[in-house]
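To be precise, the following lines are model01.txt, and they hold compact mmCIF, C-alpha atoms and all ligand atoms.
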```
# COMPACT_ATOMS: atom_id res chain seq x y z
CA MET H 1418 -103.25 -20.38 -4.16
CA PHE H 1419 -106.62 -20.76 -2.44
CA ASP H 1420 -106.57 -18.45 0.56
CA PRO H 1421 -110.07 -18.40 2.15
CA ALA H 1422 -109.25 -15.67 4.67
CA GLN H 1423 -107.98 -13.39 1.93
CA LEU H 1424 -111.04 -14.07 -0.26
CA ASN H 1425 -113.37 -13.37 2.65
CA GLU H 1426 -111.73 -10.04 3.22
CA GLU H 1427 -111.41 -9.11 -0.46
CA TYR H 1428 -115.09 -9.75 -1.22
CA GLY H 1429 -116.52 -8.50 2.09
CA ILE H 1430 -117.93 -11.70 3.57
CA PRO H 1431 -118.14 -10.07 7.06
CA VAL H 1432 -120.28 -7.30 5.52
CA ILE H 1433 -122.56 -9.91 3.96
CA LEU H 1434 -122.94 -11.58 7.35
CA LYS H 1435 -123.76 -8.25 8.93
CA HIS H 1436 -126.56 -7.66 6.39
CA SER H 1437 -127.58 -11.30 6.15
CA ARG H 1438 -131.09 -10.87 7.51
CA ARG H 1439 -132.02 -8.44 4.78
CA LEU H 1440 -130.10 -10.37 2.11
CA ASN H 1441 -131.84 -13.62 3.03
CA GLN H 1442 -135.17 -11.86 2.49
CA LEU H 1443 -134.18 -10.34 -0.85
CA CYS H 1444 -132.23 -13.19 -2.47
CA SER H 1445 -134.35 -14.84 -5.19
CA VAL H 1446 -132.85 -18.28 -4.57
CA ALA H 1447 -133.41 -18.10 -0.81
CA GLY H 1448 -137.02 -17.12 -1.55
CA VAL H 1449 -137.74 -20.50 -3.15
CA ASN H 1450 -135.08 -22.91 -1.85
CA PRO H 1451 -135.21 -23.47 1.93
CA ASN H 1452 -131.69 -24.96 1.91
CA PHE H 1453 -130.06 -21.86 0.42
CA SER H 1454 -129.26 -18.43 1.80
CA PRO H 1455 -126.49 -15.86 1.44
CA GLU H 1456 -126.03 -16.21 5.19
CA ARG H 1457 -125.31 -19.96 4.91
CA ILE H 1458 -122.64 -19.27 2.31
CA ALA H 1459 -121.07 -16.52 4.38
CA ARG H 1460 -121.07 -18.64 7.56
CA LEU H 1461 -119.38 -21.54 5.77
CA ALA H 1462 -116.90 -19.11 4.21
CA GLU H 1463 -115.89 -17.94 7.67
CA GLY H 1464 -116.24 -21.19 9.60
CA ASN H 1465 -115.52 -24.03 7.20
CA PRO H 1466 -114.23 -22.91 3.78
CA GLU H 1467 -113.17 -26.47 2.87
CA GLN H 1468 -116.77 -27.61 3.22
CA LEU H 1469 -117.92 -24.59 1.20
CA VAL H 1470 -115.74 -25.58 -1.78
CA GLN H 1471 -117.55 -28.92 -1.88
CA SER H 1472 -121.00 -27.55 -1.18
CA PRO H 1473 -123.79 -27.34 -3.81
CA LEU H 1474 -124.47 -23.84 -2.43
CA ILE H 1475 -121.69 -22.37 -4.57
CA TRP H 1476 -123.40 -23.60 -7.76
CA GLU H 1477 -126.88 -22.51 -6.68
CA CYS H 1478 -126.03 -18.82 -6.22
CA LEU H 1479 -127.04 -16.99 -9.40
CA THR H 1480 -124.17 -14.48 -9.04
CA CYS H 1481 -126.94 -11.95 -9.61
CA GLY H 1482 -125.14 -9.05 -7.91
CA LEU H 1483 -127.95 -8.21 -5.49
CA CYS H 1484 -125.76 -8.85 -2.41
CA ARG H 1485 -123.32 -6.25 -3.68
CA GLU H 1486 -126.09 -3.76 -4.41
CA VAL H 1487 -127.65 -4.10 -0.96
CA THR H 1488 -124.28 -3.70 0.80
CA ASP H 1489 -123.29 -0.59 -1.19
CA GLY H 1490 -120.60 -2.48 -3.09
CA ARG H 1491 -118.86 -3.81 0.02
CA GLY H 1492 -120.08 -7.42 0.00
CA ASP H 1493 -119.50 -8.90 -3.44
CA MET H 1494 -120.98 -12.38 -3.18
CA ALA H 1495 -120.99 -12.90 -6.96
CA ARG H 1496 -117.26 -12.46 -7.40
CA PHE H 1497 -116.59 -14.37 -4.18
CA ILE H 1498 -118.57 -17.31 -5.61
CA ARG H 1499 -116.67 -17.00 -8.88
CA ALA H 1500 -113.38 -17.36 -7.00
CA VAL H 1501 -114.57 -20.34 -4.94
CA ARG H 1502 -115.89 -22.06 -8.07
CA ARG H 1503 -112.46 -21.67 -9.57
CA GLU H 1504 -110.97 -23.56 -6.66
CA ALA H 1505 -113.72 -26.20 -6.82
CA LEU H 1506 -113.11 -26.74 -10.53
CA ARG H 1507 -109.38 -27.11 -9.85
CA ARG H 1508 -110.32 -30.01 -7.56
CA GLY H 1509 -112.58 -31.56 -10.20
CA ILE H 1510 -115.87 -30.36 -8.67
CA ALA H 1511 -118.31 -28.65 -11.04
CA GLY H 1512 -121.91 -27.49 -11.20
CA SER H 1513 -124.58 -29.54 -12.86
CA ASP H 1514 -124.56 -28.73 -16.59
CA THR H 1515 -127.92 -28.21 -18.27
CA HIS H 1516 -128.85 -29.56 -21.71
CA GLY H 1517 -126.21 -32.29 -21.60
CA GLY H 1518 -123.53 -29.65 -21.20
CA ILE H 1519 -123.72 -28.60 -24.84
CA MET H 1520 -123.41 -24.86 -24.23
CA LEU H 1521 -120.40 -25.08 -21.91
CA THR H 1522 -118.73 -27.78 -24.00
CA ALA H 1523 -119.00 -25.61 -27.13
CA GLN H 1524 -117.32 -22.80 -25.21
CA ARG H 1525 -114.53 -25.03 -23.92
CA ILE H 1526 -113.82 -26.25 -27.45
CA ASP H 1527 -113.84 -22.65 -28.70
CA ALA H 1528 -111.35 -21.69 -25.97
CA LEU H 1529 -108.83 -24.20 -27.29
CA GLY H 1530 -108.56 -22.08 -30.44
CA LYS H 1531 -107.93 -25.11 -32.65
CA VAL H 1532 -111.02 -24.69 -34.80
CA GLN H 1533 -112.89 -21.60 -35.90
CA ALA H 1534 -116.65 -22.11 -36.12
CA ASP H 1535 -118.26 -20.37 -39.07
CA ARG H 1536 -120.55 -18.71 -36.57
CA ASN H 1537 -121.66 -15.83 -38.73
CA ALA H 1538 -122.49 -17.87 -41.82
CA TRP H 1539 -126.14 -17.00 -41.14
CA ILE H 1540 -125.57 -13.48 -42.40
CA ALA H 1541 -124.77 -14.60 -45.95
CA GLY H 1542 -127.97 -14.35 -47.91
CA GLU H 1543 -129.45 -11.68 -45.61
CA GLU H 1544 -129.39 -9.18 -48.43
CA ASP H 1545 -131.32 -6.48 -46.61
CA LEU H 1546 -128.70 -6.35 -43.82
CA LYS H 1547 -125.76 -4.10 -44.58
CA VAL H 1548 -122.58 -5.22 -42.82
CA GLU H 1549 -118.82 -5.26 -43.26
CA ARG H 1550 -117.01 -8.54 -42.72
CA ARG H 1551 -113.50 -7.32 -41.84
CA GLN H 1552 -112.82 -3.65 -41.09
CA GLY H 1553 -114.79 -0.60 -39.98
CA ASP H 1554 -115.30 1.95 -37.21
CA THR H 1555 -118.27 0.29 -35.55
CA LEU H 1556 -118.46 -3.40 -34.75
CA TYR H 1557 -121.63 -5.28 -33.83
CA TRP H 1558 -120.94 -8.17 -31.49
CA VAL H 1559 -123.24 -11.09 -32.38
CA GLY H 1560 -122.32 -13.28 -29.39
CA ALA H 1561 -123.83 -16.72 -28.79
CA ALA H 1562 -126.95 -16.07 -30.88
CA PRO H 1563 -126.22 -18.65 -33.63
CA PHE H 1564 -125.60 -21.33 -31.00
CA LEU H 1565 -128.72 -20.46 -29.02
CA ASP H 1566 -130.95 -20.72 -32.07
CA SER H 1567 -129.39 -24.03 -33.18
CA THR H 1568 -129.64 -25.52 -29.70
CA PHE H 1569 -133.09 -24.33 -28.63
CA PRO H 1570 -135.40 -24.25 -31.65
CA ASP H 1571 -138.08 -25.99 -29.55
CA LEU H 1572 -138.12 -23.11 -27.06
CA GLY H 1573 -138.61 -20.47 -29.72
CA SER H 1574 -135.15 -18.92 -29.36
CA THR H 1575 -135.14 -15.53 -31.07
CA ALA H 1576 -131.46 -14.77 -30.57
CA LEU H 1577 -130.61 -14.51 -34.27
CA GLU H 1578 -133.76 -12.55 -34.93
CA SER H 1579 -132.44 -10.21 -32.25
CA ALA H 1580 -129.05 -9.91 -34.01
CA ARG H 1581 -130.83 -9.18 -37.31
CA ALA H 1582 -132.99 -6.60 -35.55
CA ALA H 1583 -129.92 -4.91 -34.03
CA ILE H 1584 -128.24 -4.64 -37.42
CA ARG H 1585 -131.46 -3.30 -38.94
CA LEU H 1586 -131.62 -0.58 -36.26
CA LEU H 1587 -127.96 0.32 -36.87
CA ASN H 1588 -128.51 0.38 -40.64
CA HIS H 1589 -131.45 2.73 -40.04
CA LEU H 1590 -128.99 5.11 -38.36
CA GLY H 1591 -126.76 4.89 -41.43
CA ILE H 1592 -124.25 2.54 -39.76
CA ARG H 1593 -122.89 -0.48 -41.57
CA PRO H 1594 -121.34 -2.45 -38.70
CA VAL H 1595 -118.53 -4.95 -38.91
CA VAL H 1596 -119.67 -8.48 -38.08
CA LEU H 1597 -116.54 -10.45 -37.28
CA GLU H 1598 -115.82 -13.79 -38.89
CA GLN H 1599 -113.32 -14.47 -36.08
CA GLU H 1600 -115.72 -13.85 -33.21
CA ARG H 1601 -115.69 -16.51 -30.48
CA PHE H 1602 -117.75 -16.98 -27.32
CA SER H 1603 -117.05 -14.03 -25.02
CA GLY H 1604 -116.00 -16.32 -22.15
CA HIS H 1605 -118.73 -15.15 -19.75
CA ASP H 1606 -120.00 -18.60 -18.85
CA LEU H 1607 -116.54 -20.16 -18.47
CA LEU H 1608 -115.43 -17.31 -16.21
CA TRP H 1609 -118.47 -17.49 -13.93
CA THR H 1610 -118.33 -21.29 -13.67
CA GLY H 1611 -114.71 -21.17 -12.52
CA ASP H 1612 -112.79 -21.83 -15.75
CA ARG H 1613 -110.51 -18.78 -15.67
CA GLU H 1614 -108.03 -20.31 -18.13
CA GLY H 1615 -110.72 -20.98 -20.75
CA PHE H 1616 -112.06 -17.48 -20.25
CA SER H 1617 -108.62 -15.87 -20.62
CA SER H 1618 -107.95 -17.80 -23.81
CA LEU H 1619 -111.23 -16.65 -25.37
CA ALA H 1620 -110.66 -13.09 -24.18
CA ALA H 1621 -107.19 -12.92 -25.74
CA MET H 1622 -108.42 -14.20 -29.13
CA ASN H 1623 -111.45 -11.91 -29.15
CA MET H 1624 -109.46 -8.85 -28.12
CA GLN H 1625 -107.01 -9.45 -30.94
CA ALA H 1626 -109.81 -9.93 -33.49
CA ILE H 1627 -111.56 -6.74 -32.34
CA ARG H 1628 -108.34 -4.74 -32.55
CA ASP H 1629 -107.58 -6.16 -36.01
CA SER H 1630 -110.97 -4.95 -37.23
CA GLY H 1631 -109.92 -1.35 -36.58
CA ALA H 1632 -113.20 -0.71 -34.74
CA LYS H 1633 -113.40 2.26 -32.41
CA THR H 1634 -116.73 1.23 -30.92
CA VAL H 1635 -118.13 -2.22 -30.17
CA ILE H 1636 -121.91 -2.39 -29.83
CA VAL H 1637 -123.23 -5.38 -27.94
CA SER H 1638 -126.82 -6.43 -27.38
CA SER H 1639 -126.17 -9.42 -25.10
CA PRO H 1640 -125.95 -8.08 -21.51
CA GLU H 1641 -123.59 -10.88 -20.47
CA ASP H 1642 -121.23 -10.32 -23.39
CA CYS H 1643 -121.37 -6.55 -22.92
CA HIS H 1644 -120.39 -6.96 -19.27
CA THR H 1645 -117.62 -9.39 -20.21
CA LEU H 1646 -116.09 -7.26 -22.97
CA LYS H 1647 -116.37 -4.08 -20.96
CA MET H 1648 -115.58 -5.19 -17.40
CA SER H 1649 -114.14 -8.70 -17.18
CA TYR H 1650 -111.58 -8.36 -19.99
CA LYS H 1651 -110.26 -5.22 -18.32
CA GLU H 1652 -110.35 -6.76 -14.84
CA LEU H 1653 -108.59 -10.02 -15.70
CA VAL H 1654 -106.83 -9.78 -19.07
CA GLY H 1655 -106.12 -6.17 -20.03
CA GLU H 1656 -107.43 -3.02 -21.66
CA LEU H 1657 -109.29 -3.60 -24.90
CA GLY H 1658 -108.66 0.01 -25.87
CA VAL H 1659 -112.00 0.26 -27.69
CA GLU H 1660 -115.28 1.75 -26.47
CA VAL H 1661 -117.85 -0.92 -25.58
CA LEU H 1662 -121.52 0.09 -25.45
CA HIS H 1663 -124.74 -1.73 -24.96
CA LEU H 1664 -127.05 -1.30 -27.95
CA SER H 1665 -129.56 0.52 -25.74
CA GLU H 1666 -126.99 3.17 -24.79
CA PHE H 1667 -126.11 3.70 -28.43
CA LEU H 1668 -129.75 4.00 -29.50
CA ALA H 1669 -130.78 6.18 -26.54
CA ASP H 1670 -128.19 8.76 -27.60
CA ARG H 1671 -129.64 8.81 -31.13
CA LEU H 1672 -133.32 8.56 -30.32
CA SER H 1673 -134.17 11.66 -32.36
CA GLN H 1674 -132.99 9.82 -35.49
CA LEU H 1675 -135.33 6.87 -34.89
CA SER H 1676 -139.01 6.99 -35.59
CA PHE H 1677 -141.37 4.30 -34.42
CA SER H 1678 -144.94 3.43 -35.35
CA GLU H 1679 -147.66 3.85 -32.78
CA TRP H 1680 -148.01 0.85 -30.44
CA PRO H 1681 -150.78 1.56 -27.90
CA HIS H 1682 -150.15 -1.22 -25.40
CA ARG H 1683 -148.86 -1.66 -21.86
CA ILE H 1684 -145.57 -3.47 -21.34
CA SER H 1685 -143.14 -4.11 -18.52
CA TYR H 1686 -139.34 -4.26 -18.66
CA HIS H 1687 -137.10 -6.92 -17.07
CA ASP H 1688 -133.59 -5.73 -16.08
CA PRO H 1689 -131.01 -8.45 -16.90
CA CYS H 1690 -128.56 -8.78 -13.96
CA ARG H 1691 -125.38 -8.11 -15.94
CA LEU H 1692 -126.82 -5.06 -17.71
CA GLY H 1693 -128.54 -3.52 -14.70
CA ARG H 1694 -126.57 -4.20 -11.55
CA GLY H 1695 -123.52 -5.26 -13.57
CA LEU H 1696 -123.17 -2.20 -15.80
CA GLY H 1697 -125.63 0.26 -14.26
CA VAL H 1698 -127.60 0.48 -17.51
CA TYR H 1699 -131.20 1.02 -16.39
CA ASP H 1700 -132.39 4.19 -18.10
CA ALA H 1701 -131.24 3.71 -21.70
CA PRO H 1702 -133.45 0.70 -22.61
CA ARG H 1703 -136.44 2.36 -20.93
CA LYS H 1704 -135.77 5.67 -22.68
CA VAL H 1705 -135.83 3.97 -26.10
CA LEU H 1706 -139.06 2.13 -25.24
CA ARG H 1707 -140.67 5.41 -24.21
CA GLY H 1708 -139.82 6.70 -27.68
CA VAL H 1709 -142.51 4.40 -29.10
CA PRO H 1710 -145.73 6.45 -29.40
CA GLY H 1711 -148.62 5.09 -27.36
CA LEU H 1712 -146.50 2.58 -25.45
CA GLU H 1713 -147.14 2.54 -21.71
CA LEU H 1714 -144.19 1.28 -19.68
CA VAL H 1715 -145.08 -0.05 -16.24
CA GLU H 1716 -142.61 -1.18 -13.60
CA MET H 1717 -142.70 -4.45 -11.72
CA GLU H 1718 -142.54 -4.57 -7.92
CA HIS H 1719 -138.82 -5.45 -8.18
CA SER H 1720 -137.08 -3.44 -10.86
CA ARG H 1721 -133.86 -1.60 -11.62
CA GLU H 1722 -131.32 -2.18 -8.79
CA MET H 1723 -133.72 -4.53 -6.98
CA ALA H 1724 -134.76 -6.52 -10.07
CA ARG H 1725 -135.09 -10.28 -9.65
CA CYS H 1726 -132.93 -12.60 -11.77
CA CYS H 1727 -134.49 -14.77 -14.50
CA GLY H 1728 -133.66 -17.78 -12.33
CA THR H 1729 -130.74 -19.54 -14.00
CA SER H 1730 -127.33 -18.58 -15.32
CA CYS H 1731 -124.30 -20.00 -17.12
CA TRP H 1732 -126.11 -23.17 -18.20
CA ILE H 1733 -125.71 -24.85 -14.82
CA ASN H 1734 -128.04 -25.95 -12.05
CA CYS H 1735 -131.39 -25.32 -13.65
CA THR H 1736 -133.76 -26.95 -11.18
CA ARG H 1737 -137.37 -26.78 -10.08
CA TYR H 1738 -136.31 -23.79 -8.01
CA SER H 1739 -135.22 -22.01 -11.18
CA LYS H 1740 -138.65 -22.65 -12.66
CA LEU H 1741 -140.27 -21.29 -9.50
CA MET H 1742 -138.18 -18.09 -9.72
CA GLN H 1743 -139.12 -17.68 -13.38
CA VAL H 1744 -142.80 -18.19 -12.64
CA ARG H 1745 -142.68 -15.66 -9.80
CA ARG H 1746 -141.03 -13.10 -12.03
CA LEU H 1747 -143.63 -13.66 -14.75
CA GLN H 1748 -146.39 -13.35 -12.17
CA GLU H 1749 -144.85 -10.05 -11.07
CA ALA H 1750 -145.00 -8.87 -14.66
CA GLY H 1751 -148.59 -10.10 -14.95
CA ALA H 1752 -149.57 -8.17 -11.81
CA THR H 1753 -148.70 -4.89 -13.55
CA GLY H 1754 -151.39 -5.53 -16.15
CA ALA H 1755 -148.72 -5.56 -18.87
CA GLU H 1756 -149.54 -7.36 -22.10
CA ALA H 1757 -145.90 -8.26 -22.65
CA LEU H 1758 -142.63 -8.50 -20.77
CA VAL H 1759 -139.70 -7.07 -22.74
CA THR H 1760 -136.02 -7.66 -22.02
CA PRO H 1761 -132.79 -7.18 -24.01
CA CYS H 1762 -131.29 -10.54 -23.00
CA SER H 1763 -131.95 -13.44 -25.41
CA GLN H 1764 -131.17 -15.89 -22.63
CA CYS H 1765 -133.65 -14.33 -20.19
CA VAL H 1766 -136.23 -14.57 -23.00
CA LEU H 1767 -135.37 -18.22 -23.49
CA HIS H 1768 -135.48 -19.11 -19.79
CA PHE H 1769 -138.80 -17.31 -19.27
CA ARG H 1770 -140.33 -18.94 -22.33
CA CYS H 1771 -139.09 -22.29 -21.08
CA ALA H 1772 -140.97 -21.72 -17.82
CA THR H 1773 -144.19 -20.93 -19.66
CA ARG H 1774 -143.87 -24.06 -21.78
CA ALA H 1775 -142.98 -26.55 -19.06
CA GLU H 1776 -146.06 -28.64 -18.42
CA ALA H 1777 -146.18 -28.02 -14.68
CA TRP H 1778 -146.25 -24.27 -15.18
CA THR H 1779 -148.60 -23.75 -18.07
CA GLN H 1780 -150.80 -21.58 -15.88
CA VAL H 1781 -148.35 -18.69 -16.44
CA ARG H 1782 -149.39 -16.68 -19.45
CA MET H 1783 -147.06 -13.90 -20.45
CA ASP H 1784 -145.91 -12.74 -23.84
CA VAL H 1785 -142.11 -12.54 -23.38
CA ARG H 1786 -140.38 -10.48 -26.04
CA ASP H 1787 -136.85 -9.54 -26.97
CA TRP H 1788 -136.33 -5.78 -26.60
CA THR H 1789 -134.35 -5.44 -29.84
CA VAL H 1790 -136.77 -7.52 -31.91
CA PHE H 1791 -139.67 -5.52 -30.52
CA LEU H 1792 -138.08 -2.17 -31.43
CA ALA H 1793 -137.06 -3.23 -34.93
CA GLY H 1794 -140.65 -4.44 -35.40
CA VAL H 1795 -142.13 -0.98 -34.74
CA LEU H 1796 -139.41 0.93 -36.60
CA GLN H 1797 -140.74 3.17 -39.37
CA GLU H 1798 -138.51 2.57 -42.38
S1 LIG T 1801 -125.57 -12.99 -5.45
FE1 LIG T 1801 -127.79 -13.13 -5.79
S2 LIG T 1801 -128.27 -15.32 -5.84
FE2 LIG T 1801 -126.22 -15.11 -4.91
S3 LIG T 1801 -126.62 -15.05 -2.71
FE3 LIG T 1801 -126.57 -12.91 -3.43
S4 LIG T 1801 -128.72 -12.38 -3.87
FE4 LIG T 1801 -128.58 -14.64 -3.73
S1 LIG T 1802 -134.83 -22.35 -17.99
FE1 LIG T 1802 -135.08 -23.86 -19.64
S2 LIG T 1802 -133.75 -23.08 -21.28
FE2 LIG T 1802 -133.10 -22.08 -19.40
S3 LIG T 1802 -131.45 -23.38 -18.59
FE3 LIG T 1802 -133.33 -24.04 -17.62
S4 LIG T 1802 -134.08 -25.74 -18.88
FE4 LIG T 1802 -132.55 -24.60 -20.09
```

Reformat the file's structure so that it appears as structure tokens.
Amino acid sequence: MFDPAQLNEEYGIPVILKHSRRLNQLCSVAGVNPNFSPERIARLAEGNPEQLVQSPLIWECLTCGLCREVTDGRGDMARFIRAVRREALRRGIAGSDTHGGIMLTAQRIDALGKVQADRNAWIAGEEDLKVERRQGDTLYWVGAAPFLDSTFPDLGSTALESARAAIRLLNHLGIRPVVLEQERFSGHDLLWTGDREGFSSLAAMNMQAIRDSGAKTVIVSSPEDCHTLKMSYKELVGELGVEVLHLSEFLADRLSQLSFSEWPHRISYHDPCRLGRGLGVYDAPRKVLRGVPGLELVEMEHSREMARCCGTSCWINCTRYSKLMQVRRLQEAGATGAEALVTPCSQCVLHFRCATRAEAWTQVRMDVRDWTVFLAGVLQE
């Protein structure tokens, strides 16, 4: 049952109101959209929750986790929004799907469990990649990569290249990971757009498939999927009973076994929201980058806990404001003098590249690279 007072208390809406001045200044969306602010959401939550359920504000929040960070974990706007979206969806109100809704529709179909997409067919014929298809100790979670590459070839999606790169790095460490034939979408986007039932269905099928593989460790390179497998399954469905690690954590612990070619250039690193604020993984990806001889890593004005979001999430509500946020983030990277911006999220890469290709924004020049692809490219075999 929708109980606004209980939600307000559970997710610390009064705390958000108390810190609203600072939050309004820090929120990326409020920085570009004069009609949006965390304070407006919190005031509606307290004063008129019925209006809030029907308000576009709940679809414009990026659920980036910055409100929670700034309030020391006491004001969790992201999960509050997730709960309100659930109620909105129940009443038939949804966000505005991007790309004709193809990404969310594919996930809803997957959640029904009636058909099994041959999502890892791409790996057949990749003779240099050593993988297991059914059982093994270590599982590599491919995630939405095959769908991203099929859907966004015009934007230069490198998601599958990133999956290949991850497997190459694992093979270099002597690991032959399982790549599951039964993998489905993790459920991240359904969960955060209010479809709890679709999410739970995907979670149950994925958890069973992971357990059946006999894996003891699941290595994930997608920040959103890593957060979902590690945190959301446990929070809403149950214990997976298997260790879940982001690829950067796994590699950082084995850095002495990796040797990279010299790469004497300056780069900056973009913290994806779900990996940074969501999982607290800030040091591991930077540590691995610093293992590349000659590489100079420079930080942007907003990094780590205060990093700015890439401007759009869950394939909804991508607007001119999203483009503005992306451009600002790229300008921040440019201001460091970096030659490239590196991030481990294939979707952040895609959204940033989209901003540099949109006609209105062609003044932004930044080489945006996938962290995993970059590292596999400088690996000394
Ligand atoms: S969670 Fe992020 S996008 Fe949403 S109101 Fe807070 S700072 Fe803004
Ligand atoms: S930034 Fe581009 S790729 Fe990303 S959701 Fe918006 S339109 Fe799609």

Quiz prompt | Test item: residues no farther than 10 Å from ligand LIG 1802 (chain T), counting all atoms listed in the file, as a ChimeraX atom specification | solution = /H:1514-1516,1520,1565,1568-1569,1571-1572,1574,1727-1737,1739-1740,1742-1743,1764-1775

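Residues in contact with Cys1481 of chain H at up to 7 Å, not including ones fewer than 3 positions away on its chain and judged by all atoms listed in the file, are Ala1495, Cys1690 and Cys1726 of chain H.
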
Self-check item: Exercise answer, 6 Å around ligand LIG 1801 (chain T) with all atoms listed in the file, as a PyMOL selection string
Solution: chain H and resi 1444-1446+1455+1478-1484+1494-1495

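Using only C-alpha atoms, the contacts of Arg1503 of chain H at a cut-off of 12 Å, with sequence neighbours closer than 4 positions omitted, comprise Met1418, Phe1419, Val1470, Gln1471, Ile1475, Trp1476, Arg1496, Phe1497, Ile1498, Arg1499, Arg1507, Arg1508, Gly1509, Ile1510, Ala1511, Gly1512, Leu1607, Leu1608, Trp1609, Thr1610, Gly1611, Asp1612, Arg1613, Glu1614, Gly1615 and Phe1616 of chain H.
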
Quiz item: Could you pull the residues within 8 Å of Arg1703 of chain H, counting all atoms listed in the file, minus those fewer than 4 positions along the same chain, as a ChimeraX atom specification?
Solution: /H:1686,1699,1707,1714

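For the point (-120.9, -6.0, -36.7), the residues with at least one atom inside 6 Å, counting all atoms listed in the file, are Leu1556, Tyr1557, Trp1558, Pro1594, Val1595 and Val1596 of chain H.
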
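Minimum atom-to-atom distances from H:Gly1591, H:Gly1604, H:Pro1563, H:Pro1431 to Met1624 of chain H were compared using only C-alpha atoms, and the lowest value belongs to H:Gly1604.
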